[in-house]
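Reviewing the structure listed below.
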Amino acid sequence: MNNKTQKRLTLIALSFVVVVIGLGAFTRLADAGLGCPDWPGCYGFVGIPLKSETIAKANQAFPEQPYELHKAWPEMVHRYFAGTLGLLVLGLFVLAFKKRGQRDACLKLSSALLVLIIFQAALGAWTVTEKLHPSVVMGHLLGGFATFSLLVMLAIRLYQPSLNVAPGIIRSKSLISLAIIAVVFQIALGGWTSANYAALACKDLPICFDGWTQYTNFSEGFQFWGHGAETYQYGVMSNEAKVAIHASHRIGAMIITALILTILWILFRRAQTRIVKQFAGLLTLTLAIQITLGVINVTFDLPLANAVAHNLVAAFLLISLVGLRTLIWVSENKKMESINV
């Protein structure tokens with residue numbers, strides 16, 4: 001019974017983490033990151049102030065930041081879903097702890113998830129108290145993607161899909177691991193671009209405008225701390241720094257594309273099982289969609305829905321690689337167990 005509950009709770013947590021990532025992207029891109037200037041409540045209230053008297057109290061409590069409903073609700077809804085996800089992760093830890101000692105308990109993975117979700121809550125608070133400091137915002141984004149990845153790893157460990165992975169694909173595990181690291185760096189670059197409001201610094205393709213290299217400031221663009229601003233909403237960096245950030249993200253996208261295309265060539269050439277073919281198909285689809293969304297962001301001046309989708313598809317691109325690498329790891333472990341037996 002515990003194993004079934006653990007599996008179902010993992011799937012529910014996976015659905016919640018997708019919603020949380022999407023809501024987080026929407027909140028950030030809609031400039032609602034400081035829609036509630038305090039934490040964990042909103043202008044001193046547990047819920048969103050809606051009545052005229054509570055709104056008046058909110059404005060009185062935070063006169064420097066007048067209440068705006070269209071910014072407050074995305075922030076609080078994001079917190080509600082993130083809090084629920086935290087409870088789900090706690091439930092997964094409790095179930096794993098009760099099964100400790102059993103082979104399929106996944107206690108270490110569940111413990112890592114719990115530690116990560118607690119740290120994510122702290123980053124959520126610091127995002128507000130540090131007034132959208134780009135380093136904190138980027139860290140919060142990466143924490144969300146890491147949570148998604150660990151939940152995918154947990155789901156694969158629990159469900160144990162077909163483990164007949166072709167030797168040629170197993171031999172490519174180092175390349176897949178490299179791609180995961182590269183995608184994480186690219187996601188961090190994307191978060192840094194967004195947090196510093198540099199998404200529209202380059203409006204031409206493929207990298208930036210003509211002669212962009214003469215209008216860059218990489219040292220300022222990648223100064224992760226020490227700006228000393230009262231608030232980082234709407235950005236504090238120069239346009240030259242923003243160009244450097246954005247151009248780096250574009251170049252990173254080209255490198256990632258080449259790396260994933262190489263992996264896809266290996267997968268489609270050597271895939272022998274249905275599960276590997278499914279991962280290859282998912283990876284192909286997410287890469288194609290992600291490139292398209294990136295081009296649309298540039299061409300149409302960062303439409304909100306498209307930019308949110310760009311964040312979500314990046315998450316699915318990452319978990320496609322993480323899932324495949326986990327599948328290889330589980331397959332290798334099973335083979336080792338059968339040899340030892």
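Following the order of the structure tokens, first chain is A, next is B, and so on, with residues numbered from 1 inside each chain and ligands from 1 in the order they appear.
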Just want the 8 Å neighbourhood of Ala155 in chain A, counted on only C-alpha atoms, with same-chain residues fewer than 2 positions away dropped. Output as a ChimeraX atom specification. /A:7,10-11,151-153,157-159
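Minimum atom-to-atom distance to Arg270 in chain A, evaluated using only C-alpha atoms, belongs to A:Ser172 out of A:Ser172, A:Leu154, A:Ile117, A:Gly24.
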Running DSSP on the backbone, which parts of range 52-222 of chain A land in alpha helix (DSSP H), as a PyMOL selection string? chain A and resi 52-61+69-98+107-129+134-159+167-170+173-195+218-221
One number please: CA of Ser111 in chain A to CA of Gln186 in chain A, in Å, one decimal. 26.9 Å
Given only C-alpha atoms as the counted atoms, nearest of A:Ile319, A:Leu9, A:Leu283, A:Ser149 to Val94 in chain A: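 Among the listed residues, the smallest separation from Val94 in chain A belongs to A:Leu9.
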Determine, counting only C-alpha atoms, which protein, DNA and RNA residues have an atom within 12 Å of an atom of Phe148 in chain A; residues of the same chain fewer than 4 positions away are not included. Present the result as number ranges by chain. A: 10-22, 85, 89, 113, 116-117, 141-144, 152-155, 312, 314-320, 322-323
